[in-house]
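Below is one structure, written out as structure tokens, with a few remarks after it.
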Amino acid sequence: MDEVLDFGVIVLVVAVGFSLALTAIKVTERFPIPAPALFLITAAVLSDIFPELHNYVSIKTVERIGTVALIMILFDGGMHVGWRRLRRAAVPIGLLGVVGTFGTAALMAALAHGLIGFDLKTSWLLAAALSPTDPAVMFSVLGNREVGGRSGTILEGESGANDPVGIALVLGILELETSSGSNLGVAGTFAVQMAVGLAVGVGGALLLIPVMRRISLPNEGLYPLRTLAAAGVIYAVATVAQGSGFLAVFVAGILIGDVRAPYKAEIERFHTSLSSLAEIVVFVALGLTIQLSSFADENIWRDGIILAALVALVARPFVVGPLLLPARLRWGERLFIVWGGLKGAVPILLAAFIVLNGHIADAHRIYGIVFVVVALSVLVQGSSLPFVARRLRVPMREVEPEPWDLSIRLRTEPRVVRRYVVAPEGRAVGAPIRDLPMGDSAWISLIIRDGEPEQPRGGTILEPGDELLVLTEDEDARGLRRLFEGARSAP
């Protein structure tokens with residue numbers, strides 16, 4: 001009976017905790033404090049007030065939670081970006097994800113060694129842990145805001161692409177420090193991890209897509225669970241094959257992001273919710289393993305604040321700024337991307353790897369510094385991101401929640417039904433429907449304007465932001481996308 005009561009208390013605490021976390025997300029809409037920072041700091045304070053909490057969450061637990069959370073976050077992030085958006089900014093995303101991660105780590109290692117006095121081993125490990133950015137924190141900070149143009153796509157794509165690179169870099173450094181491996185051997189291992197991860201991600205997506213399209217399940221609630229299981233299989237296969245499982249799930253998410261499949265909207269909503277839940281759990285778990293009272297004795301606060309300032313104001317601008325020069329972006333958009341490199345779950349996971357390695361003398365100090373840098377990044381950079389976007393004239397709009405879903409269930413794929421959103425650069429803006437060059441086979445059946453459905457008429461003039469439900473043939477889809485969404489949106 002005591003066991004039942006003890007477990008009931010655990011369920012009660014967890015359920016109340018999640019309820020408070022969801023309430024906190026609502027509160028952060030009114031106050032400019034990102035929800036991840038609130039979870040992280042609150043958990044850290046509670047762990048000092050109630051030291052017995054350390055008995056429930058260990059760094060090993062954080063590592064396991066972080067790994068599972070990152071699988072969910074990267075898979076959802078890949079689906080959110082999608083192949084169609086990614087290919088418009090593939091070059092800057094690739095440069096920032098690979099070259100930017102290595103460059104930021106190298107510069108931060110030099111700064112940590114030269115200015116703060118860390119030894120080279122600690123400097124490289126700390127710098128590599130702090131180099132990746134985080135997609136879940138970015139989505140959480142933006143909330144219901146949507147960044148227009150390519151700058152938002154670049155930030156989201158970079159935050160997913162640099163996570164596997166940063167993880168492989170830290171693991172390579174740990175292997176170099178704890179074995180007789182050479183720099184060339186580590187570079188070869190890194191190349192193999194990236195190649196295998198990419199191959200498994202592409203192969204897994206190519207196998208998953210026909211399954212999603214053609215194999216039915218007895219209940220619609222099972223469809224999201226199938227893709228979740230597939231993400232776990234893709235990660236595991238890539239990892240067992242000595243590849244980057246994180247890169248594999250991110251690539252798979254990208255490739256299925258634009259796929260038309262049964263219950264696709266339900267699948268996307270499920271994974272977005274799961275990603276948000278994973279973010280909450282990993283930040284709370286990190287906070288519970290931190291003892292704030294010990295930071296002052298080891299100068300962790302001082303070192304963390306200095307490194308947070310260096311990575312945001314020195315390393316990222318000097319590395320990312322030049323890499324963005326070839327991209328066709330305004331200077332305001334470039335500065336927004338530079339400032340938008342938020343830290344989150346990945347540095348936490350990498351710090352846990354370093355501690356669990358068991359051969360790094362300053363591992364626990366690195367873990368504490370990562371906590372400070374992540375907290376400051378989310379709190380300072382995250383809170384200021386909407387303000388910075390306004391000052392730099394980066395288009396950012398509020399996306400109002402749409403709780404009422406107007407839909408029609410069909411047994412087969414509606415190949416002739418497509419949905420478009422009229423873009424400001426679309427040729428259809430300001431023109432009445434009767435004058436649009438849509439051809440004889442296309443027909444606008446419904447317009448959603450300012451959240452309200454409208455019956456289209458010949459004299460209806462289309463405005464930016466109008467959502468259109470169009471009946472058309474496949475061969476006309478490309479021309480219609482160019483008409484409504486602009487030339488750059490055409491596949």
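The way I read the labels, and the way they are meant: chains A, B, ... in the order of the structure tokens, residue 1 as the first residue of every chain, and ligand 1 as the first ligand shown, with later ones counted on from there.
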
May I have the residues within 8 Å of Pro224 in chain A as a ChimeraX atom specification, using only C-alpha atoms and disregarding those fewer than 6 positions away in the same chain?
/A:266-268,270-271

List as number ranges by chain the protein and nucleic acid residues near Glu473 in chain A, meaning an atom at most 12 Å away when only C-alpha atoms are counted, but skip any in the same chain fewer than 2 places from it.
A: 414-418, 438-443, 470-471, 475-480

Okay, now the selection with N, CA and C atoms, as a PDB file, in the first residue's frame?
ATOM      1  N   PRO A 414      -7.104  14.135 -51.827  1.00  0.00           N
ATOM      2  CA  PRO A 414      -7.729  15.139 -52.687  1.00  0.00           C
ATOM      3  C   PRO A 414      -6.688  15.792 -53.598  1.00  0.00           C
ATOM      4  N   ARG A 415      -6.311  15.108 -54.663  1.00  0.00           N
ATOM      5  CA  ARG A 415      -5.230  15.592 -55.531  1.00  0.00           C
ATOM      6  C   ARG A 415      -5.577  16.910 -56.210  1.00  0.00           C
ATOM      7  N   VAL A 416      -6.868  17.179 -56.402  1.00  0.00           N
ATOM      8  CA  VAL A 416      -7.252  18.387 -57.118  1.00  0.00           C
ATOM      9  C   VAL A 416      -7.489  19.571 -56.180  1.00  0.00           C
ATOM     10  N   VAL A 417      -7.317  19.388 -54.874  1.00  0.00           N
ATOM     11  CA  VAL A 417      -7.538  20.464 -53.907  1.00  0.00           C
ATOM     12  C   VAL A 417      -6.191  20.932 -53.367  1.00  0.00           C
ATOM     13  N   ARG A 418      -5.915  22.223 -53.491  1.00  0.00           N
ATOM     14  CA  ARG A 418      -4.670  22.781 -52.981  1.00  0.00           C
ATOM     15  C   ARG A 418      -4.965  24.058 -52.201  1.00  0.00           C
ATOM     16  N   MET A 438      -5.862  32.080 -64.309  1.00  0.00           N
ATOM     17  CA  MET A 438      -5.810  30.772 -63.655  1.00  0.00           C
ATOM     18  C   MET A 438      -6.083  29.628 -64.618  1.00  0.00           C
ATOM     19  N   GLY A 439      -6.524  29.910 -65.824  1.00  0.00           N
ATOM     20  CA  GLY A 439      -6.861  28.838 -66.737  1.00  0.00           C
ATOM     21  C   GLY A 439      -8.281  28.347 -66.516  1.00  0.00           C
ATOM     22  N   ASP A 440      -8.685  27.409 -67.340  1.00  0.00           N
ATOM     23  CA  ASP A 440     -10.063  26.922 -67.290  1.00  0.00           C
ATOM     24  C   ASP A 440     -10.303  25.852 -66.231  1.00  0.00           C
ATOM     25  N   SER A 441      -9.213  25.186 -65.766  1.00  0.00           N
ATOM     26  CA  SER A 441      -9.398  24.048 -64.854  1.00  0.00           C
ATOM     27  C   SER A 441      -9.300  24.433 -63.380  1.00  0.00           C
ATOM     28  N   ALA A 442      -8.926  25.681 -63.060  1.00  0.00           N
ATOM     29  CA  ALA A 442      -8.745  26.102 -61.668  1.00  0.00           C
ATOM     30  C   ALA A 442      -9.967  26.879 -61.184  1.00  0.00           C
ATOM     31  N   TRP A 443     -10.302  26.658 -59.917  1.00  0.00           N
ATOM     32  CA  TRP A 443     -11.489  27.298 -59.342  1.00  0.00           C
ATOM     33  C   TRP A 443     -11.249  27.548 -57.860  1.00  0.00           C
ATOM     34  N   VAL A 470      -8.239  25.953 -53.485  1.00  0.00           N
ATOM     35  CA  VAL A 470      -8.355  25.993 -54.937  1.00  0.00           C
ATOM     36  C   VAL A 470      -8.506  24.581 -55.485  1.00  0.00           C
ATOM     37  N   LEU A 471      -9.476  24.391 -56.363  1.00  0.00           N
ATOM     38  CA  LEU A 471      -9.616  23.149 -57.117  1.00  0.00           C
ATOM     39  C   LEU A 471      -8.841  23.303 -58.417  1.00  0.00           C
ATOM     40  N   GLU A 475      -0.961  19.815 -63.141  1.00  0.00           N
ATOM     41  CA  GLU A 475      -0.069  20.521 -64.050  1.00  0.00           C
ATOM     42  C   GLU A 475      -0.168  22.042 -63.909  1.00  0.00           C
ATOM     43  N   ASP A 476      -1.251  22.535 -63.268  1.00  0.00           N
ATOM     44  CA  ASP A 476      -1.408  23.977 -63.076  1.00  0.00           C
ATOM     45  C   ASP A 476      -0.875  24.454 -61.730  1.00  0.00           C
ATOM     46  N   ALA A 477      -0.451  23.522 -60.873  1.00  0.00           N
ATOM     47  CA  ALA A 477      -0.095  23.886 -59.500  1.00  0.00           C
ATOM     48  C   ALA A 477       1.070  24.864 -59.450  1.00  0.00           C
ATOM     49  N   ARG A 478       2.071  24.651 -60.292  1.00  0.00           N
ATOM     50  CA  ARG A 478       3.256  25.515 -60.261  1.00  0.00           C
ATOM     51  C   ARG A 478       2.904  26.951 -60.653  1.00  0.00           C
ATOM     52  N   GLY A 479       2.118  27.107 -61.729  1.00  0.00           N
ATOM     53  CA  GLY A 479       1.730  28.442 -62.146  1.00  0.00           C
ATOM     54  C   GLY A 479       0.866  29.150 -61.123  1.00  0.00           C
ATOM     55  N   LEU A 480      -0.016  28.404 -60.461  1.00  0.00           N
ATOM     56  CA  LEU A 480      -0.867  29.009 -59.435  1.00  0.00           C
ATOM     57  C   LEU A 480      -0.050  29.442 -58.218  1.00  0.00           C
TER      58      LEU A 480
END

Expected answer as a count of residues only: helix (DSSP H, G or I) residues in range 313-470 of chain A:
65

Let me make sure I understand: among A:Pro36, A:Glu279, A:Gly430, A:Ile290, which one has the smallest atom-to-atom distance to Ile71 in chain A if we use only C-alpha atoms?
A:Glu279

Closest of A:Arg84, A:Val62, A:Ser151, A:Arg393 to Ala345 in chain A - atom-to-atom distances counting only C-alpha atoms:
A:Val62

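Picture a line from CA of Ala229 in chain A to CA of Val282 in chain A; it runs 20.2 Å.
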
What's the 10 Å shell around range 188-204 of chain A, counting only C-alpha atoms, without same-chain residues fewer than 4 positions away, as a PyMOL selection string?
chain A and resi 164-165+167-169+171-172+175+182-184+208-209+230-231+233-239+241-256

Check the smallest atom-to-atom distance from each of A:Ile461, A:Ile173, A:Val311, A:Met79 to Ala431 in chain A using only C-alpha atoms, then report the winner.
A:Ile461

Option closest in space to Leu379 in chain A, from A:Asp474, A:His364, A:Lys343, A:Thr272 [counting only C-alpha atoms]
A:Lys343

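Remark: for Pro456 in chain A, the closest of the candidate residues A:Leu307, A:Ile433, A:Ala127, A:Thr472 is A:Ile433 (distances computed over only C-alpha atoms).
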
Distance CA of Phe387 in chain A-CA of Val320 in chain A, one decimal place?
20.8 Å
